[in-house]
Amino acid sequence: IRIEVPEEMKNQLVENAKQYLSNKYNCITIDGVRAIIQDGWGLIRASNTGPILVMRAEAKTTKTLSFIKEELEKALQNLQEGEK
């Protein structure tokens with residue numbers, strides 16, 4: 001999933017997502033943030049080629065995949081609310 005954001009904000013948004021997700025899950029923070037969630041993972045990273053955040057997720061079940069996507073979306077919603 002690709003999310004357009006202002007170029008000057010994308011790295012800070014990833015840093016904020018790292019903080020949010022690290023408070024809840026074990027995370028790998030190389031090239032963005034990869035949160036290990038239940039039977040899968042979710043990733044938010046800044047694109048190197050444009051003003052875009054890339055969000056990816058994998059899971060063993062459709063239900064878990066939906067949950068992981070919701071968690072990533074919550075991280076981004078909290079970031080957007082904090083910017084207001």
# chains A, B, ... in the order shown; residues from 1 in each chain; ligands from 1
>>> select_by_dssp(residues="region 11-48 of chain A", states="alpha helix (DSSP H)", output="ChimeraX atom specification")
/A:11-22
>>> write_last_selection(atoms="N, CA and C atoms", output="PDB file, in the first residue's frame")
ATOM      1  N   ASN A  11      10.137  11.063   6.512  1.00  0.00           N
ATOM      2  CA  ASN A  11      11.046  10.420   7.463  1.00  0.00           C
ATOM      3  C   ASN A  11      10.604  10.619   8.905  1.00  0.00           C
ATOM      4  N   GLN A  12      10.069  11.793   9.219  1.00  0.00           N
ATOM      5  CA  GLN A  12       9.572  12.028  10.577  1.00  0.00           C
ATOM      6  C   GLN A  12       8.352  11.161  10.868  1.00  0.00           C
ATOM      7  N   LEU A  13       7.495  10.973   9.883  1.00  0.00           N
ATOM      8  CA  LEU A  13       6.328  10.107  10.072  1.00  0.00           C
ATOM      9  C   LEU A  13       6.750   8.674  10.362  1.00  0.00           C
ATOM     10  N   VAL A  14       7.794   8.199   9.688  1.00  0.00           N
ATOM     11  CA  VAL A  14       8.301   6.845   9.950  1.00  0.00           C
ATOM     12  C   VAL A  14       8.874   6.771  11.364  1.00  0.00           C
ATOM     13  N   GLU A  15       9.605   7.796  11.782  1.00  0.00           N
ATOM     14  CA  GLU A  15      10.155   7.813  13.143  1.00  0.00           C
ATOM     15  C   GLU A  15       9.037   7.774  14.185  1.00  0.00           C
ATOM     16  N   ASN A  16       7.977   8.540  13.946  1.00  0.00           N
ATOM     17  CA  ASN A  16       6.840   8.533  14.874  1.00  0.00           C
ATOM     18  C   ASN A  16       6.164   7.160  14.886  1.00  0.00           C
ATOM     19  N   ALA A  17       6.056   6.523  13.719  1.00  0.00           N
ATOM     20  CA  ALA A  17       5.460   5.187  13.653  1.00  0.00           C
ATOM     21  C   ALA A  17       6.316   4.185  14.424  1.00  0.00           C
ATOM     22  N   LYS A  18       7.641   4.328  14.350  1.00  0.00           N
ATOM     23  CA  LYS A  18       8.548   3.461  15.117  1.00  0.00           C
ATOM     24  C   LYS A  18       8.230   3.551  16.601  1.00  0.00           C
ATOM     25  N   GLN A  19       8.069   4.774  17.088  1.00  0.00           N
ATOM     26  CA  GLN A  19       7.771   4.963  18.507  1.00  0.00           C
ATOM     27  C   GLN A  19       6.435   4.334  18.876  1.00  0.00           C
ATOM     28  N   TYR A  20       5.417   4.594  18.071  1.00  0.00           N
ATOM     29  CA  TYR A  20       4.076   4.061  18.352  1.00  0.00           C
ATOM     30  C   TYR A  20       4.088   2.532  18.369  1.00  0.00           C
ATOM     31  N   LEU A  21       4.633   1.924  17.312  1.00  0.00           N
ATOM     32  CA  LEU A  21       4.598   0.464  17.201  1.00  0.00           C
ATOM     33  C   LEU A  21       5.548  -0.211  18.184  1.00  0.00           C
ATOM     34  N   SER A  22       6.687   0.415  18.479  1.00  0.00           N
ATOM     35  CA  SER A  22       7.648  -0.168  19.422  1.00  0.00           C
ATOM     36  C   SER A  22       7.090  -0.236  20.833  1.00  0.00           C
TER      37      SER A  22
END
>>> closest_residue(among="A:Asp39, A:Arg2, A:Glu8, A:Asp31", to="Lys60 (chain A)", atoms="only C-alpha atoms")
A:Asp39
>>> residues_around(residues="Val5 (chain A)", least_positions_apart="5", cutoff="8 Å", atoms="only C-alpha atoms", output="list in words")
Lys10, Pro51, Ile52 and Leu53 of chain A
>>> residues_around(residues="Ile36 (chain A)", least_positions_apart="2", cutoff="8 Å", atoms="only C-alpha atoms", output="list of chain:residue names")
A:Tyr25, A:Asn26, A:Cys27, A:Arg34, A:Gln38, A:Asp39, A:Gly40, A:Trp41, A:Gly42
>>> select_by_dssp(residues="chain A", states="strand (DSSP E or B)", output="ChimeraX atom specification")
/A:2-4,26-28,33-37,40-46,52-59
>>> closest_residue(among="A:Leu76, A:Ile44, A:Ala35, A:Ile30", to="Ala59 (chain A)", atoms="only C-alpha atoms")
A:Ala35
>>> atom_distance(atom1="CA of Phe67 (chain A)", atom2="CA of Thr29 (chain A)")
20.6 Å
>>> atom_distance(atom1="CA of Glu4 (chain A)", atom2="CA of Thr61 (chain A)")
28.0 Å
